[in-house]
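*Asks:* Have a peek at entry-v8.txt (compact mmCIF, C-alpha atoms and all ligand atoms).
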# COMPACT_ATOMS: atom_id res chain seq x y z
CA MET F 14 0.00 0.00 0.00
CA SER F 15 1.34 3.43 -0.89
CA VAL F 16 1.57 6.31 1.58
CA ALA F 17 -1.31 7.97 -0.28
CA ALA F 18 -3.41 4.83 0.07
CA ALA F 19 -2.48 4.61 3.74
CA ARG F 20 -3.58 8.21 4.16
CA ARG F 21 -6.93 7.39 2.51
CA SER F 22 -7.30 4.33 4.68
CA ARG F 23 -6.51 6.44 7.75
CA LYS F 24 -9.27 8.88 6.86
CA ARG F 25 -11.66 5.95 6.59
CA GLY F 26 -10.60 4.83 10.04
CA GLY F 27 -9.27 1.58 8.59
CA ALA F 28 -12.47 0.69 6.74
CA GLY F 29 -12.72 -3.00 5.94
CA ARG F 30 -11.21 -4.06 9.23
CA ARG F 31 -13.53 -4.50 12.15
CA PRO F 32 -12.36 -2.56 15.21
CA ALA F 33 -12.49 -4.52 18.47
CA ALA F 34 -14.99 -2.01 19.90
CA ALA F 35 -17.51 -2.92 17.17
CA GLU F 36 -17.82 -6.47 18.48
CA ALA F 37 -20.72 -7.58 20.63
CA ALA F 38 -20.91 -6.39 24.23
CA PRO F 39 -18.73 -8.25 26.75
CA GLN F 40 -20.19 -11.34 28.30
CA ALA F 41 -19.34 -12.93 31.62
CA TRP F 42 -16.51 -15.43 31.91
CA PRO F 43 -18.01 -18.93 32.23
CA GLY F 44 -17.24 -19.83 35.86
CA PRO F 45 -14.52 -18.20 37.99
CA ALA F 46 -12.33 -15.99 35.78
CA PRO F 47 -8.56 -16.59 35.73
CA ASP F 48 -6.76 -14.05 37.91
CA ALA F 49 -4.44 -11.69 36.00
CA THR F 50 -2.28 -11.04 39.06
CA VAL F 51 -1.42 -14.75 39.27
CA LEU F 52 -0.26 -14.71 35.64
CA LEU F 53 1.72 -11.49 36.08
CA ALA F 54 3.51 -12.91 39.14
CA TRP F 55 4.44 -15.97 37.06
CA TYR F 56 5.62 -13.69 34.23
CA ASP F 57 7.88 -11.73 36.58
CA ARG F 58 9.72 -14.95 37.39
CA HIS F 59 9.59 -16.89 34.13
CA ARG F 60 9.35 -14.38 31.26
CA ARG F 61 11.28 -15.32 28.13
CA ARG F 62 14.31 -13.17 27.38
CA LEU F 63 13.78 -12.07 23.77
CA PRO F 64 15.87 -9.51 21.87
CA TRP F 65 12.89 -7.24 21.18
CA ARG F 66 11.66 -7.22 24.77
CA ALA F 67 12.66 -4.38 27.08
CA ALA F 68 14.08 -5.49 30.44
CA PRO F 69 11.94 -4.66 33.50
CA GLY F 70 12.09 -0.89 34.08
CA GLU F 71 13.51 -0.22 30.59
CA ALA F 72 11.62 1.94 28.06
CA THR F 73 9.97 -0.06 25.26
CA ASP F 74 10.78 0.93 21.66
CA PRO F 75 7.59 0.76 19.51
CA TYR F 76 9.75 0.18 16.40
CA ARG F 77 11.20 -3.00 17.90
CA VAL F 78 7.79 -4.22 19.04
CA TRP F 79 6.30 -3.61 15.60
CA LEU F 80 9.23 -5.15 13.71
CA SER F 81 9.19 -8.29 15.86
CA GLU F 82 5.41 -8.66 15.72
CA ILE F 83 5.37 -8.47 11.92
CA MET F 84 8.21 -10.98 11.65
CA LEU F 85 6.59 -13.35 14.16
CA GLN F 86 3.37 -13.68 12.17
CA GLN F 87 3.24 -17.35 11.06
CA THR F 88 6.93 -17.70 11.98
CA THR F 89 8.80 -19.17 14.96
CA VAL F 90 10.86 -17.12 17.40
CA LYS F 91 13.95 -19.16 16.51
CA ALA F 92 13.60 -18.34 12.80
CA VAL F 93 12.88 -14.67 13.47
CA ILE F 94 15.78 -13.78 15.80
CA PRO F 95 18.60 -13.64 13.18
CA TYR F 96 16.38 -11.67 10.77
CA TYR F 97 15.32 -9.28 13.50
CA GLU F 98 18.92 -8.65 14.50
CA ARG F 99 20.01 -8.09 10.89
CA PHE F 100 17.14 -5.66 10.26
CA LEU F 101 17.88 -3.73 13.42
CA ALA F 102 21.57 -3.49 12.54
CA ALA F 103 20.81 -2.31 8.99
CA TRP F 104 17.87 -0.04 9.87
CA PRO F 105 17.95 0.97 13.55
CA SER F 106 14.84 3.16 13.34
CA VAL F 107 11.57 3.28 11.45
CA SER F 108 12.84 6.36 9.59
CA ALA F 109 15.94 4.47 8.44
CA LEU F 110 13.75 1.61 7.21
CA ALA F 111 11.46 4.08 5.42
CA ALA F 112 14.45 5.52 3.57
CA ALA F 113 15.70 2.10 2.41
CA PRO F 114 14.93 0.87 -1.13
CA LEU F 115 12.17 -1.77 -1.19
CA ASP F 116 14.51 -4.13 -3.01
CA SER F 117 17.00 -4.07 -0.09
CA VAL F 118 14.20 -4.87 2.35
CA LEU F 119 12.95 -7.77 0.20
CA LYS F 120 16.47 -9.14 -0.05
CA ALA F 121 16.98 -8.94 3.72
CA TRP F 122 13.62 -10.69 4.19
CA ALA F 123 14.36 -13.54 1.75
CA GLY F 124 13.91 -16.91 3.43
CA LEU F 125 11.50 -15.69 6.14
CA GLY F 126 8.40 -16.43 4.00
CA TYR F 127 5.00 -14.73 3.66
CA TYR F 128 6.59 -12.02 1.57
CA ALA F 129 3.61 -9.66 1.54
CA ARG F 130 4.76 -8.87 5.08
CA ALA F 131 8.02 -7.41 3.78
CA ARG F 132 6.28 -5.14 1.28
CA ASN F 133 3.81 -4.01 3.94
CA LEU F 134 6.65 -3.51 6.42
CA HIS F 135 8.31 -1.09 4.05
CA ALA F 136 5.02 0.64 3.18
CA CYS F 137 4.20 0.96 6.89
CA ALA F 138 7.60 2.47 7.69
CA ARG F 139 7.07 5.01 4.93
CA ALA F 140 3.57 5.81 6.22
CA VAL F 141 4.82 6.27 9.80
CA ALA F 142 7.56 8.58 8.51
CA ALA F 143 5.22 10.55 6.25
CA LEU F 144 2.07 10.69 8.37
CA HIS F 145 3.34 10.53 11.94
CA GLY F 146 6.76 12.19 11.81
CA GLY F 147 8.60 8.89 12.30
CA ARG F 148 6.78 8.00 15.54
CA PHE F 149 4.27 5.19 15.80
CA PRO F 150 0.82 6.31 16.95
CA SER F 151 -0.32 4.79 20.24
CA GLU F 152 -4.04 4.36 19.49
CA GLU F 153 -5.20 0.99 18.16
CA ALA F 154 -7.41 2.62 15.51
CA GLU F 155 -4.52 4.69 14.11
CA LEU F 156 -2.22 1.69 14.17
CA ARG F 157 -4.79 -0.42 12.31
CA ALA F 158 -4.91 2.18 9.54
CA LEU F 159 -1.22 1.53 8.74
CA PRO F 160 -0.23 -0.99 6.04
CA GLY F 161 0.18 -4.55 7.32
CA ILE F 162 -1.17 -3.83 10.80
CA GLY F 163 -4.33 -5.75 11.65
CA ASP F 164 -6.29 -6.11 14.88
CA TYR F 165 -3.74 -8.36 16.56
CA THR F 166 -0.65 -6.30 15.78
CA ALA F 167 -2.37 -3.01 16.62
CA ALA F 168 -3.38 -4.37 20.02
CA ALA F 169 0.09 -5.83 20.64
CA ILE F 170 1.83 -2.52 19.87
CA ALA F 171 -0.71 -0.49 21.89
CA ALA F 172 -0.37 -2.77 24.91
CA ILE F 173 3.36 -3.57 24.85
CA ALA F 174 4.82 -0.32 23.54
CA PHE F 175 2.32 2.18 24.94
CA ALA F 176 0.84 0.42 28.01
CA ARG F 177 -2.70 0.77 26.65
CA ARG F 178 -5.34 -1.62 27.92
CA ALA F 179 -5.51 -3.70 24.75
CA THR F 180 -5.66 -7.45 24.21
CA PRO F 181 -3.81 -8.95 21.24
CA VAL F 182 -5.17 -12.41 20.43
CA ASP F 183 -3.12 -14.61 18.12
CA GLY F 184 -3.25 -18.37 17.60
CA ASN F 185 -1.34 -19.11 20.82
CA ILE F 186 -3.58 -16.91 22.94
CA GLU F 187 -6.69 -18.30 21.24
CA ARG F 188 -5.61 -21.76 22.28
CA VAL F 189 -5.01 -20.75 25.91
CA VAL F 190 -8.36 -18.95 26.24
CA ALA F 191 -10.28 -21.71 24.43
CA ARG F 192 -8.89 -24.19 26.96
CA LEU F 193 -9.35 -21.99 30.00
CA ALA F 194 -13.04 -21.49 29.13
CA ARG F 195 -13.43 -24.88 27.40
CA ILE F 196 -15.12 -23.30 24.38
CA GLU F 197 -17.00 -25.93 22.39
CA GLU F 198 -17.59 -23.76 19.34
CA PRO F 199 -14.98 -24.54 16.67
CA LEU F 200 -12.60 -21.99 15.13
CA PRO F 201 -12.85 -19.69 13.31
CA ALA F 202 -16.45 -19.05 14.43
CA ALA F 203 -15.29 -18.94 18.06
CA LYS F 204 -12.79 -16.13 17.47
CA PRO F 205 -15.04 -13.18 18.44
CA ARG F 206 -16.04 -14.93 21.69
CA ILE F 207 -12.42 -15.77 22.49
CA ARG F 208 -11.43 -12.11 21.91
CA ARG F 209 -14.18 -10.90 24.21
CA LEU F 210 -13.21 -13.35 26.95
CA ALA F 211 -9.53 -12.41 26.64
CA ALA F 212 -10.48 -8.72 26.93
CA LEU F 213 -12.50 -9.48 30.08
CA ILE F 214 -9.46 -10.83 31.95
CA THR F 215 -7.02 -8.14 30.72
CA PRO F 216 -6.01 -5.96 33.67
CA PRO F 217 -6.14 -2.14 33.44
CA ARG F 218 -2.45 -1.92 34.41
CA ARG F 219 0.44 -3.88 32.91
CA ALA F 220 -1.64 -4.90 29.88
CA GLY F 221 1.57 -5.26 27.85
CA ASP F 222 3.13 -7.66 30.37
CA PHE F 223 -0.18 -9.52 30.56
CA ALA F 224 -0.23 -9.94 26.77
CA GLN F 225 3.38 -11.13 26.73
CA ALA F 226 2.68 -13.49 29.61
CA LEU F 227 -0.18 -15.03 27.61
CA MET F 228 2.14 -15.32 24.61
CA ASP F 229 4.74 -17.08 26.79
CA ILE F 230 2.19 -19.48 28.28
CA GLY F 231 0.93 -20.33 24.78
CA ALA F 232 4.43 -20.82 23.38
CA THR F 233 6.02 -22.75 26.23
CA ILE F 234 3.37 -24.43 28.43
CA CYS F 235 -0.05 -24.49 26.79
CA THR F 236 1.36 -26.00 23.59
CA PRO F 237 -0.86 -27.46 20.86
CA ARG F 238 -0.35 -31.18 21.50
CA GLN F 239 0.60 -31.81 25.12
CA PRO F 240 0.00 -28.85 27.40
CA ALA F 241 2.18 -28.97 30.53
CA CYS F 242 -0.71 -28.12 32.85
CA GLY F 243 1.37 -29.03 35.93
CA LEU F 244 3.59 -25.99 35.21
CA CYS F 245 0.75 -23.61 34.38
CA PRO F 246 0.02 -20.77 36.82
CA TRP F 247 -3.64 -20.93 35.79
CA SER F 248 -4.17 -24.68 36.11
CA ALA F 249 -6.63 -24.24 39.01
CA ALA F 250 -8.80 -21.91 36.91
CA CYS F 251 -8.68 -23.94 33.69
CA ALA F 252 -11.91 -25.71 32.68
CA ALA F 253 -10.24 -27.98 30.12
CA ARG F 254 -7.55 -29.03 32.60
CA ARG F 255 -10.27 -29.93 35.10
CA ALA F 256 -12.12 -31.95 32.46
CA GLY F 257 -8.87 -33.66 31.40
CA ASP F 258 -9.30 -32.89 27.71
CA ALA F 259 -7.17 -29.77 27.20
CA GLY F 260 -5.51 -31.27 24.10
CA ASP F 261 -8.90 -31.33 22.33
CA PHE F 262 -9.20 -27.51 22.40
CA PRO F 263 -9.58 -25.28 20.54
CA ARG F 264 -12.14 -27.22 18.55
CA LYS F 265 -11.40 -27.10 14.85
CA PRO F 266 -13.48 -27.71 11.73
CA PRO F 267 -12.36 -30.54 9.41
CA LYS F 268 -9.29 -29.57 7.40
CA THR F 269 -9.57 -28.59 3.78
CA ARG F 270 -6.42 -28.13 1.76
CA GLY F 271 -6.21 -26.60 -1.68
CA ARG F 272 -5.68 -28.85 -4.68
CA PRO F 273 -2.03 -29.71 -5.27
CA ARG F 274 -0.40 -27.67 -8.04
CA ARG F 275 2.47 -28.63 -10.29
CA GLY F 276 4.75 -26.86 -12.70
CA ALA F 277 8.26 -26.68 -14.11
CA ALA F 278 11.18 -24.39 -13.21
CA PHE F 279 14.02 -23.54 -15.59
CA VAL F 280 17.55 -23.03 -14.29
CA ALA F 281 19.65 -21.58 -17.11
CA LEU F 282 23.39 -21.57 -16.37
CA ARG F 283 25.63 -19.36 -18.47
CA ALA F 284 29.20 -20.46 -19.19
CA ASP F 285 30.54 -17.49 -17.18
CA GLY F 286 28.88 -18.85 -14.03
CA LYS F 287 25.72 -16.75 -14.05
CA VAL F 288 22.15 -17.89 -13.41
CA LEU F 289 19.05 -16.51 -15.14
CA LEU F 290 16.57 -14.84 -12.78
CA ARG F 291 13.53 -12.60 -12.97
CA THR F 292 11.32 -10.67 -10.55
CA ARG F 293 7.76 -11.79 -9.85
CA PRO F 294 4.91 -9.27 -10.24
CA GLY F 295 4.59 -6.93 -7.24
CA HIS F 296 1.30 -8.35 -6.01
CA GLY F 297 -0.01 -11.82 -5.29
CA LEU F 298 1.85 -14.93 -4.21
CA LEU F 299 5.57 -14.19 -3.56
CA GLY F 300 4.95 -10.72 -5.00
CA GLY F 301 8.11 -8.79 -5.85
CA MET F 302 10.38 -11.72 -4.99
CA THR F 303 13.05 -13.21 -7.26
CA GLU F 304 12.64 -16.48 -9.10
CA VAL F 305 14.01 -18.57 -11.93
CA PRO F 306 11.61 -18.67 -14.90
CA THR F 307 8.79 -21.16 -14.44
CA THR F 308 5.63 -22.36 -16.12
CA ALA F 309 2.29 -21.50 -14.51
CA TRP F 310 1.57 -23.61 -11.41
CA THR F 311 -1.67 -25.49 -12.00
CA PRO F 312 -3.43 -28.67 -10.83
CA ASP F 313 -3.50 -30.01 -14.41
CA PHE F 314 0.09 -29.20 -15.42
CA ASP F 315 1.48 -31.56 -18.05
CA ALA F 316 5.28 -31.99 -17.99
CA ALA F 317 5.23 -32.92 -21.69
CA ASP F 318 4.31 -29.30 -22.51
CA ALA F 319 6.73 -27.68 -20.07
CA LEU F 320 9.44 -26.66 -22.57
CA ALA F 321 6.98 -24.43 -24.41
CA ASP F 322 7.46 -21.98 -21.51
CA ALA F 323 11.25 -22.30 -21.28
CA PRO F 324 13.12 -18.97 -21.53
CA PHE F 325 15.32 -20.24 -24.39
CA PRO F 326 14.30 -22.42 -27.33
CA THR F 327 17.33 -24.67 -26.92
CA ARG F 328 17.61 -28.43 -27.09
CA ARG F 329 19.95 -28.35 -24.15
CA TRP F 330 17.24 -28.41 -21.50
CA ARG F 331 17.70 -31.50 -19.38
CA GLN F 332 15.23 -32.56 -16.71
CA VAL F 333 16.83 -33.10 -13.31
CA PRO F 334 15.69 -36.32 -11.59
CA GLY F 335 13.20 -35.79 -8.76
CA THR F 336 10.94 -32.85 -7.95
CA VAL F 337 11.05 -29.91 -5.57
CA SER F 338 8.13 -29.83 -3.13
CA HIS F 339 6.91 -26.86 -1.16
CA VAL F 340 3.76 -26.28 0.88
CA PHE F 341 2.16 -22.85 0.69
CA THR F 342 -0.66 -21.88 3.03
CA HIS F 343 -3.37 -22.76 0.52
CA PHE F 344 -1.83 -25.47 -1.62
CA PRO F 345 1.08 -27.86 -1.93
CA LEU F 346 3.38 -27.38 -4.95
CA ALA F 347 5.62 -29.81 -6.81
CA LEU F 348 8.04 -28.45 -9.41
CA CYS F 349 10.06 -30.47 -11.88
CA VAL F 350 13.34 -28.75 -12.70
CA PHE F 351 15.03 -28.31 -16.07
CA VAL F 352 18.65 -27.19 -16.44
CA ALA F 353 20.46 -25.87 -19.50
CA GLN F 354 24.05 -24.70 -20.01
CA VAL F 355 24.25 -21.79 -22.45
CA ALA F 356 27.08 -19.78 -24.00
CA ALA F 357 28.67 -16.86 -22.14
CA ARG F 358 27.44 -14.34 -24.71
CA THR F 359 23.77 -15.36 -24.34
CA ALA F 360 21.61 -12.31 -23.65
CA ALA F 361 18.88 -12.43 -21.01
CA PRO F 362 15.33 -12.53 -22.43
CA ALA F 363 13.17 -9.44 -21.81
CA GLY F 364 12.38 -8.93 -18.13
CA MET F 365 15.11 -11.31 -16.97
CA ARG F 366 18.70 -10.86 -15.82
CA TRP F 367 21.88 -12.85 -15.32
CA ILE F 368 23.16 -12.99 -11.73
CA ALA F 369 26.55 -14.36 -10.65
CA ARG F 370 26.20 -17.56 -8.69
CA GLU F 371 28.21 -16.09 -5.81
CA ALA F 372 25.60 -13.33 -5.50
CA LEU F 373 22.58 -15.68 -5.26
CA SER F 374 22.53 -15.53 -1.46
CA GLN F 375 21.95 -11.77 -1.70
CA GLU F 376 18.93 -12.15 -3.99
CA ALA F 377 15.34 -12.04 -2.66
CA LEU F 378 14.86 -15.73 -3.46
CA PRO F 379 11.99 -17.27 -1.47
CA SER F 380 12.50 -20.70 0.05
CA VAL F 381 10.86 -22.57 -2.83
CA MET F 382 13.23 -20.93 -5.33
CA ARG F 383 16.26 -21.61 -3.16
CA LYS F 384 15.24 -25.25 -3.19
CA VAL F 385 14.89 -25.20 -6.99
CA VAL F 386 18.29 -23.57 -7.60
CA ALA F 387 20.00 -25.81 -5.04
CA HIS F 388 18.41 -28.89 -6.63
CA ALA F 389 19.65 -27.87 -10.07
CA LEU F 390 23.18 -26.81 -9.06
CA ALA F 391 23.72 -29.91 -6.96
CA ALA F 392 22.59 -32.09 -9.88
CA GLU F 393 24.90 -30.26 -12.28
CA ALA F 394 27.82 -30.86 -9.91
CA GLY F 395 26.83 -34.51 -9.45
CA CYS F 396 26.39 -33.85 -5.73
CA GLU F 397 23.64 -34.28 -3.19
CA ASN F 398 23.23 -30.76 -1.94
CA PHE F 399 24.07 -27.12 -2.65
CA ASP F 400 24.80 -24.60 0.06
CA PHE F 401 23.95 -20.98 -0.78
CA ALA F 402 26.07 -19.42 1.94
CA SER F 403 29.29 -21.07 0.78
CA ASN F 404 28.30 -21.34 -2.92
CA ARG F 405 29.37 -24.95 -2.82
CA ALA F 406 27.86 -28.31 -3.60
CA GLN F 407 28.18 -30.96 -0.92
CA ILE F 408 28.98 -34.57 -1.72
CA ARG F 409 28.08 -35.79 1.72
CA PRO F 410 28.14 -34.15 5.13
CA GLY F 411 31.62 -32.86 5.93
CA ILE F 412 32.98 -33.05 2.36
CA VAL F 413 32.48 -30.19 -0.08
CA LYS F 414 33.73 -29.34 -3.50
CA GLU F 415 33.18 -26.48 -5.92
CA SER F 416 30.25 -27.24 -8.18
CA ALA F 417 30.87 -27.23 -11.91
CA HIS F 418 29.59 -24.42 -14.13
S1 LIG K 501 -4.00 -25.50 32.67
FE1 LIG K 501 -3.20 -26.54 30.87
S2 LIG K 501 -4.76 -26.30 29.28
FE2 LIG K 501 -5.23 -24.83 30.90
S3 LIG K 501 -4.25 -22.94 30.22
FE3 LIG K 501 -2.79 -23.97 31.57
S4 LIG K 501 -1.52 -25.24 30.19
FE4 LIG K 501 -3.34 -24.59 29.05
So, in terms of structure tokens, how does the structure I just supplied come out?
Ligand code: SF4

*Replies:*
Amino acid sequence: MSVAAARRSRKRGGAGRRPAAAEAAPQAWPGPAPDATVLLAWYDRHRRRLPWRAAPGEATDPYRVWLSEIMLQQTTVKAVIPYYERFLAAWPSVSALAAAPLDSVLKAWAGLGYYARARNLHACARAVAALHGGRFPSEEAELRALPGIGDYTAAAIAAIAFARRATPVDGNIERVVARLARIEEPLPAAKPRIRRLAALITPPRRAGDFAQALMDIGATICTPRQPACGLCPWSAACAARRAGDAGDFPRKPPKTRGRPRRGAAFVALRADGKVLLRTRPGHGLLGGMTEVPTTAWTPDFDAADALADAPFPTRRWRQVPGTVSHVFTHFPLALCVFVAQVAARTAAPAGMRWIAREALSQEALPSVMRKVVAHALAAEAGCENFDFASNRAQIRPGIVKESAH
């Protein structure tokens, strides 16, 4: 979203997103409500030490809270930490991030997945710089009007960075509340009720610590499969623990997964060691990221027709044994991979470019494309694996050799 679009959205008060206040009136907690002071006392002793968290008594930086919350969407803490630290080193403030080229941000994000987040991150930084003088607003409604900030992230920033009484509810917190109240209604229909119940137990003071305590309980104790109820500060108040069926909550509807899609990817290797790449369209799946040329990805893909979409009409295309598999949120993908060696003078087709193999690790290649290129380069070198960081193909663990090109 552009700054102008963000400005329009701001005037609309974030139209299209339902503010928490618009939900139905609060209802009573079913049975005795869990006591926030018990959770906060537990948090004071057992809080996780995370790089974006201020130490007790330290001022909280809204930029760090926002950056971490965006990165943590659909992503584990372990995967996020190195990215967070690299971003903070490269762009120590929201103004610095706003001034960075989008391409640099996409490259730094490569490998973290869900790439719309990176584009929104950059758009949001620009909007904060242009509309708020480089300072994040503290009101949930104003935060929600910024690109990439939905109900959860707005509430998390308001509570953690600005000590507002707000209740962020993500998947972890949904699980904890659904178990505490033993909510029979399945997700996602139960979400509004879960949000209301979470808001009911949020204390007027230390709402940020309360939110982070809930996040910690969800991540470390009230885990999806085997909750460690014996370690939980709220075990006495938990309805599902009392009933002995905590693992069955939250209730979920039967799973539906999108139809599998298939396609072909083309890894063209020039004799001077360069690889042919292109940039995906700015919007949609993997928008703005880098890829090798591919066919369309469809359920009825026919490998016999694949070479009609190859970037060069050469007979040198050779199909690499095996396929590259990747699971996106809405569908699983299987790509067969073709490789061709071409002459050093070969020009890149329109919209494509040659990139030195040593520079591949700096490209905004999403995980699926890293797998494709690694699969092709390892096959060309007659090896089992290709490591981007060292630009080497590995024969077997512990032995490496330069791959051929
Ligand atoms: S008692 Fe068990 S199920 Fe209930 S909130 Fe704590 S860890 Fe989760």

*Asks:* Taking into account only C-alpha atoms, which residue in the set F:Ala112, F:Ala72, F:Ala172, F:Leu390 is nearest to Arg218 of chain F?

*Replies:*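 Nearest to Arg218 of chain F: F:Ala172.
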
*Asks:* May I have the residues at most 10 Å from (2.5, -16.4, -2.3) in the file's coordinates, counting all atoms listed in the file, as a list in words?

*Replies:*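 Neighbouring residues, ordered by chain and number, come to Gly126, Tyr127, Tyr128, Ala129, His296, Gly297, Leu298, Leu299, Gly300, Met302, Phe341, Thr342, His343 and Pro379 of chain F.
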
*Asks:* Please find the residues contacting ligand LIG 501 (chain K) at a distance of at most 8 Å between atoms, with all atoms listed in the file counted, and report them as a PDB file with C-alpha atoms, keeping the file's coordinate frame.

*Replies:*
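Output saved as result_29.pdb:
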ATOM      1  CA  ARG F 188      -5.610 -21.760  22.280  1.00  0.00           C
ATOM      2  CA  VAL F 189      -5.010 -20.750  25.910  1.00  0.00           C
ATOM      3  CA  VAL F 190      -8.360 -18.950  26.240  1.00  0.00           C
ATOM      4  CA  ARG F 192      -8.890 -24.190  26.960  1.00  0.00           C
ATOM      5  CA  LEU F 193      -9.350 -21.990  30.000  1.00  0.00           C
ATOM      6  CA  ILE F 230       2.190 -19.480  28.280  1.00  0.00           C
ATOM      7  CA  GLY F 231       0.930 -20.330  24.780  1.00  0.00           C
ATOM      8  CA  ILE F 234       3.370 -24.430  28.430  1.00  0.00           C
ATOM      9  CA  CYS F 235      -0.050 -24.490  26.790  1.00  0.00           C
ATOM     10  CA  THR F 236       1.360 -26.000  23.590  1.00  0.00           C
ATOM     11  CA  PRO F 240       0.000 -28.850  27.400  1.00  0.00           C
ATOM     12  CA  ALA F 241       2.180 -28.970  30.530  1.00  0.00           C
ATOM     13  CA  CYS F 242      -0.710 -28.120  32.850  1.00  0.00           C
ATOM     14  CA  GLY F 243       1.370 -29.030  35.930  1.00  0.00           C
ATOM     15  CA  LEU F 244       3.590 -25.990  35.210  1.00  0.00           C
ATOM     16  CA  CYS F 245       0.750 -23.610  34.380  1.00  0.00           C
ATOM     17  CA  PRO F 246       0.020 -20.770  36.820  1.00  0.00           C
ATOM     18  CA  TRP F 247      -3.640 -20.930  35.790  1.00  0.00           C
ATOM     19  CA  SER F 248      -4.170 -24.680  36.110  1.00  0.00           C
ATOM     20  CA  ALA F 249      -6.630 -24.240  39.010  1.00  0.00           C
ATOM     21  CA  ALA F 250      -8.800 -21.910  36.910  1.00  0.00           C
ATOM     22  CA  CYS F 251      -8.680 -23.940  33.690  1.00  0.00           C
ATOM     23  CA  ALA F 252     -11.910 -25.710  32.680  1.00  0.00           C
ATOM     24  CA  ALA F 253     -10.240 -27.980  30.120  1.00  0.00           C
ATOM     25  CA  ARG F 254      -7.550 -29.030  32.600  1.00  0.00           C
ATOM     26  CA  ALA F 259      -7.170 -29.770  27.200  1.00  0.00           C
ATOM     27  CA  GLY F 260      -5.510 -31.270  24.100  1.00  0.00           C
TER      28      GLY F 260
END

*Asks:* Can you work out the spacing between atom CA of Ala109 of chain F and atom CA of Trp79 of chain F in Å, to one decimal?

*Replies:*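 Atom CA of Trp79 of chain F lies 14.5 Å from atom CA of Ala109 of chain F.
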
*Asks:* Rounded to one decimal place, report the atom CA of Val93 of chain F-atom CA of Asp261 of chain F distance in Å.

*Replies:*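 These atoms are spaced 28.8 Å apart.
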
*Asks:* Within 10 Å of Leu282 of chain F, counting all atoms listed in the file, which residues qualify if same-chain residues fewer than 2 places away don't, as number ranges by chain?

*Replies:* F: 279-280, 284-289, 352-357, 367-370, 389-390, 393, 418

*Asks:* What does the structure give for the distance between atom CA of Val90 of chain F and atom CA of Pro160 of chain F, in Å to one decimal?

*Replies:*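 The value is 22.6 Å.
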
*Asks:* Taking into account all atoms listed in the file, which residue in the set F:Pro216, F:Pro199, F:Gly276, F:Pro205 is nearest to Asp318 of chain F?

*Replies:*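 That would be F:Gly276, the residue with the smallest distance to Asp318 of chain F.
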
*Asks:* Nearest to Ile214 of chain F among F:Ala113, F:Ala202, F:Glu98, F:Arg178, with distances taken over only C-alpha atoms: which residue is it?

*Replies:*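 Selected residue with least distance to Ile214 of chain F: F:Arg178.
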
*Asks:* Any idea what's packed within 8 Å of Thr73 of chain F, counting all atoms listed in the file, ignoring anything in its chain fewer than 2 positions away? Could you give it as a ChimeraX atom specification?

*Replies:* /F:66-67,71,75,78,173-175

*Asks:* For a quick check of understanding, using only C-alpha atoms, which of F:Arg291, F:Asp229, F:Arg209, F:Val333 has the smallest distance to Pro43 of chain F?

*Replies:*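 Checking each candidate against Pro43 of chain F, we get F:Arg209 as the closest.
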
*Asks:* Using only C-alpha atoms, which residue out of F:Phe325, F:Phe149, F:Trp55, F:Trp42 lies closest to Pro362 of chain F?

*Replies:* F:Phe325

*Asks:* Find the residue from F:Gln86, F:Thr336, F:Gln225, F:Ser374 that sits nearest to Phe399 of chain F; use only C-alpha atoms when measuring.

*Replies:*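 Checking each of F:Gln86, F:Thr336, F:Gln225, F:Ser374 against Phe399 of chain F, counting only C-alpha atoms, the winner is F:Ser374.
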
*Asks:* So which residues touch Arg132 of chain F within 9 Å, counting all atoms listed in the file, skipping near sequence neighbours fewer than 4 positions away, as a ChimeraX atom specification?

*Replies:* /F:14,115,118-119,128,136-137,161,295,300-301
